[in-house]
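Asker: Below are the structure tokens for one structure; questions will follow.
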Amino acid sequence: MANSNAEHQTRDRIAYLTRVQCFSACHRLHSLDLSDEENQRIFGKCNNPNGHGHNYRAEVTVRGKINRVNGMVINLTDLKQCIEEVIMVPLDHKNLDKDVPYFANVVSTTENLAAYIWDGLVKILPVGELYEVKIYETDKNIVVYRGE
């Protein structure tokens, strides 16, 4: 037993920490590269010219070594601030297509939304810590993005 305990104290342990954040936004699925008829055929009711909304649920997961001094992968306060900056300020209660410049020419699918959030977080989190962004558009539609 003593060897096992000593081994645990000296070897690096890796943990995954997930923070959940909910936000509301509206959008219209519409590609400028397609005709109105093609957009309607591909996106159906989600191509409504007036848009539609979602109560999104974002799960941001970081991965890293558990710090031996403070016992954390990342300070949760720091992670919360990053999520506030990248998700809540630019996206919450916004029209993705009209209020977020990134989506002016990018279809605001949940896949692209996950990539947008990843790109924002990877710029401000410590290098190599961001592991996954998971977006629940609905209870049945979920996108996972890992920067690939």
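Naming scheme: A, B, ... for chains in displayed order of the structure tokens; residues 1 onward per chain; ligands 1 onward as shown.
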Quick one: residues within 10 Å of Arg19 (chain A), only C-alpha atoms counted, chain neighbours fewer than 3 positions away excluded, as an mmCIF file with all heavy atoms, in the first residue's frame?
Answerer:
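In the end it all went to result28.cif:
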data_model
loop_
_atom_site.group_PDB
_atom_site.id
_atom_site.type_symbol
_atom_site.label_atom_id
_atom_site.label_comp_id
_atom_site.auth_asym_id
_atom_site.auth_seq_id
_atom_site.Cartn_x
_atom_site.Cartn_y
_atom_site.Cartn_z
ATOM 1 N N ALA A 58 -24.134 25.130 -23.313
ATOM 2 C CA ALA A 58 -22.743 24.915 -23.702
ATOM 3 C C ALA A 58 -22.007 24.241 -22.561
ATOM 4 O O ALA A 58 -22.140 24.633 -21.404
ATOM 5 C CB ALA A 58 -22.073 26.240 -24.043
ATOM 6 N N GLU A 59 -21.230 23.217 -22.897
ATOM 7 C CA GLU A 59 -20.360 22.554 -21.931
ATOM 8 C C GLU A 59 -18.929 22.732 -22.420
ATOM 9 O O GLU A 59 -18.582 22.272 -23.514
ATOM 10 C CB GLU A 59 -20.698 21.064 -21.807
ATOM 11 C CG GLU A 59 -22.074 20.814 -21.238
ATOM 12 C CD GLU A 59 -22.398 19.335 -21.083
ATOM 13 O OE1 GLU A 59 -21.530 18.486 -21.375
ATOM 14 O OE2 GLU A 59 -23.531 19.041 -20.671
ATOM 15 N N VAL A 60 -18.123 23.413 -21.633
ATOM 16 C CA VAL A 60 -16.723 23.658 -21.968
ATOM 17 C C VAL A 60 -15.882 22.763 -21.064
ATOM 18 O O VAL A 60 -15.959 22.866 -19.840
ATOM 19 C CB VAL A 60 -16.359 25.141 -21.771
ATOM 20 C CG1 VAL A 60 -14.873 25.369 -21.997
ATOM 21 C CG2 VAL A 60 -17.205 26.030 -22.681
ATOM 22 N N THR A 61 -15.082 21.899 -21.689
ATOM 23 C CA THR A 61 -14.241 20.971 -20.928
ATOM 24 C C THR A 61 -12.776 21.305 -21.150
ATOM 25 O O THR A 61 -12.332 21.441 -22.297
ATOM 26 C CB THR A 61 -14.519 19.508 -21.341
ATOM 27 O OG1 THR A 61 -15.911 19.235 -21.124
ATOM 28 C CG2 THR A 61 -13.672 18.541 -20.534
ATOM 29 N N VAL A 62 -12.059 21.431 -20.046
ATOM 30 C CA VAL A 62 -10.611 21.612 -20.095
ATOM 31 C C VAL A 62 -9.963 20.345 -19.563
ATOM 32 O O VAL A 62 -10.565 19.602 -18.794
ATOM 33 C CB VAL A 62 -10.136 22.848 -19.296
ATOM 34 C CG1 VAL A 62 -10.658 24.133 -19.923
ATOM 35 C CG2 VAL A 62 -10.562 22.761 -17.842
ATOM 36 N N LEU A 76 -11.401 27.752 -11.372
ATOM 37 C CA LEU A 76 -12.761 27.841 -11.902
ATOM 38 C C LEU A 76 -13.195 29.279 -12.144
ATOM 39 O O LEU A 76 -13.923 29.563 -13.099
ATOM 40 C CB LEU A 76 -13.740 27.130 -10.948
ATOM 41 C CG LEU A 76 -15.103 26.792 -11.506
ATOM 42 C CD1 LEU A 76 -15.011 26.005 -12.796
ATOM 43 C CD2 LEU A 76 -15.899 26.022 -10.474
ATOM 44 N N LEU A 79 -11.891 30.168 -15.536
ATOM 45 C CA LEU A 79 -12.673 29.518 -16.584
ATOM 46 C C LEU A 79 -14.015 30.215 -16.758
ATOM 47 O O LEU A 79 -14.456 30.450 -17.888
ATOM 48 C CB LEU A 79 -12.871 28.037 -16.271
ATOM 49 C CG LEU A 79 -13.646 27.226 -17.315
ATOM 50 C CD1 LEU A 79 -13.005 27.298 -18.689
ATOM 51 C CD2 LEU A 79 -13.779 25.771 -16.854
ATOM 52 N N LYS A 80 -14.665 30.565 -15.661
ATOM 53 C CA LYS A 80 -15.952 31.276 -15.731
ATOM 54 C C LYS A 80 -15.792 32.611 -16.459
ATOM 55 O O LYS A 80 -16.643 32.990 -17.263
ATOM 56 C CB LYS A 80 -16.520 31.494 -14.328
ATOM 57 C CG LYS A 80 -17.078 30.226 -13.728
ATOM 58 C CD LYS A 80 -17.506 30.259 -12.278
ATOM 59 C CE LYS A 80 -17.734 31.536 -11.590
ATOM 60 N NZ LYS A 80 -18.116 31.374 -10.170
ATOM 61 N N ILE A 83 -15.474 32.010 -20.223
ATOM 62 C CA ILE A 83 -16.779 31.669 -20.789
ATOM 63 C C ILE A 83 -17.658 32.914 -20.906
ATOM 64 O O ILE A 83 -18.362 33.104 -21.902
ATOM 65 C CB ILE A 83 -17.451 30.557 -19.951
ATOM 66 C CG1 ILE A 83 -16.702 29.241 -20.177
ATOM 67 C CG2 ILE A 83 -18.930 30.429 -20.262
ATOM 68 C CD1 ILE A 83 -17.103 28.112 -19.247
ATOM 69 N N VAL A 133 -15.720 21.435 -26.677
ATOM 70 C CA VAL A 133 -16.887 22.307 -26.578
ATOM 71 C C VAL A 133 -18.070 21.483 -27.050
ATOM 72 O O VAL A 133 -18.063 20.935 -28.151
ATOM 73 C CB VAL A 133 -16.727 23.573 -27.460
ATOM 74 C CG1 VAL A 133 -18.018 24.364 -27.502
ATOM 75 C CG2 VAL A 133 -15.577 24.438 -26.956
#
Asker: Contacts of Gly71 (chain A) at 12 Å or less, counting only C-alpha atoms, minus same-chain residues fewer than 2 places along, as a ChimeraX atom specification?
Answerer: /A:9,12-15,64-69,73-76
Asker: Could you list, with a cut-off of 12 Å and counting only C-alpha atoms, the residues of region 115-136 of chain A near region 21-34 of chain A, each shown with its nearest atom pair and the distance in Å rounded to one decimal, rows sorted by chain and ascending number, as CSV?
Answerer:
residue,atom,partner,partner_atom,distance
A:Val133,CA,A:Gln21,CA,11.1
A:Lys134,CA,A:Gln21,CA,10.5
A:Ile135,CA,A:Cys22,CA,9.5
A:Tyr136,CA,A:Cys22,CA,9.3
Asker: Can I get the selected residues back with N, CA, C and O atoms, as a PDB file, in the first residue's frame?
Answerer:
ATOM      1  N   VAL A 133     -15.720  21.435 -26.677  1.00  0.00           N
ATOM      2  CA  VAL A 133     -16.887  22.307 -26.578  1.00  0.00           C
ATOM      3  C   VAL A 133     -18.070  21.483 -27.050  1.00  0.00           C
ATOM      4  O   VAL A 133     -18.063  20.935 -28.151  1.00  0.00           O
ATOM      5  N   LYS A 134     -19.067  21.362 -26.187  1.00  0.00           N
ATOM      6  CA  LYS A 134     -20.279  20.607 -26.518  1.00  0.00           C
ATOM      7  C   LYS A 134     -21.456  21.573 -26.430  1.00  0.00           C
ATOM      8  O   LYS A 134     -21.633  22.237 -25.419  1.00  0.00           O
ATOM      9  N   ILE A 135     -22.229  21.632 -27.508  1.00  0.00           N
ATOM     10  CA  ILE A 135     -23.378  22.538 -27.563  1.00  0.00           C
ATOM     11  C   ILE A 135     -24.653  21.725 -27.742  1.00  0.00           C
ATOM     12  O   ILE A 135     -24.773  20.930 -28.676  1.00  0.00           O
ATOM     13  N   TYR A 136     -25.583  21.940 -26.832  1.00  0.00           N
ATOM     14  CA  TYR A 136     -26.919  21.364 -26.947  1.00  0.00           C
ATOM     15  C   TYR A 136     -27.812  22.437 -27.554  1.00  0.00           C
ATOM     16  O   TYR A 136     -28.125  23.437 -26.898  1.00  0.00           O
TER      17      TYR A 136
END
Asker: Using only C-alpha atoms for the distances, tell me which of A:Gln40, A:Glu148, A:Asp99, A:Cys82 is nearest to Lys123 (chain A).
Answerer: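 Among A:Gln40, A:Glu148, A:Asp99, A:Cys82, it is A:Cys82 that comes nearest to Lys123 (chain A).
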Asker: For CA of Pro126 (chain A) and CA of Asn105 (chain A), quote the distance in Å rounded to one decimal.
Answerer: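 For CA of Pro126 (chain A) relative to CA of Asn105 (chain A), the distance reads 29.3 Å.
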Asker: Go through region 43-95 of chain A and collect every residue that DSSP, computed from the backbone, puts in strand (DSSP E); the answer should be as a VMD selection string.
Answerer: chain A and resid 52 to 65 94 to 95
Asker: Record the distance separating CA of Gly44 (chain A) and CA of Pro90 (chain A), expressed in Å with one decimal.
Answerer: 26.8 Å
Asker: Any idea what the distance is between CA of Trp118 (chain A) and CA of Phe43 (chain A)?
Answerer: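 According to the coordinates, CA of Trp118 (chain A) and CA of Phe43 (chain A) are separated by 24.3 Å.
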Asker: Going by DSSP on the backbone, which bits of region 6-136 of chain A are alpha helix (DSSP H)? Write them as a VMD selection string, please.
Answerer: chain A and resid 6 to 10 36 to 43 76 to 83 89 to 91 96 to 99 110 to 124
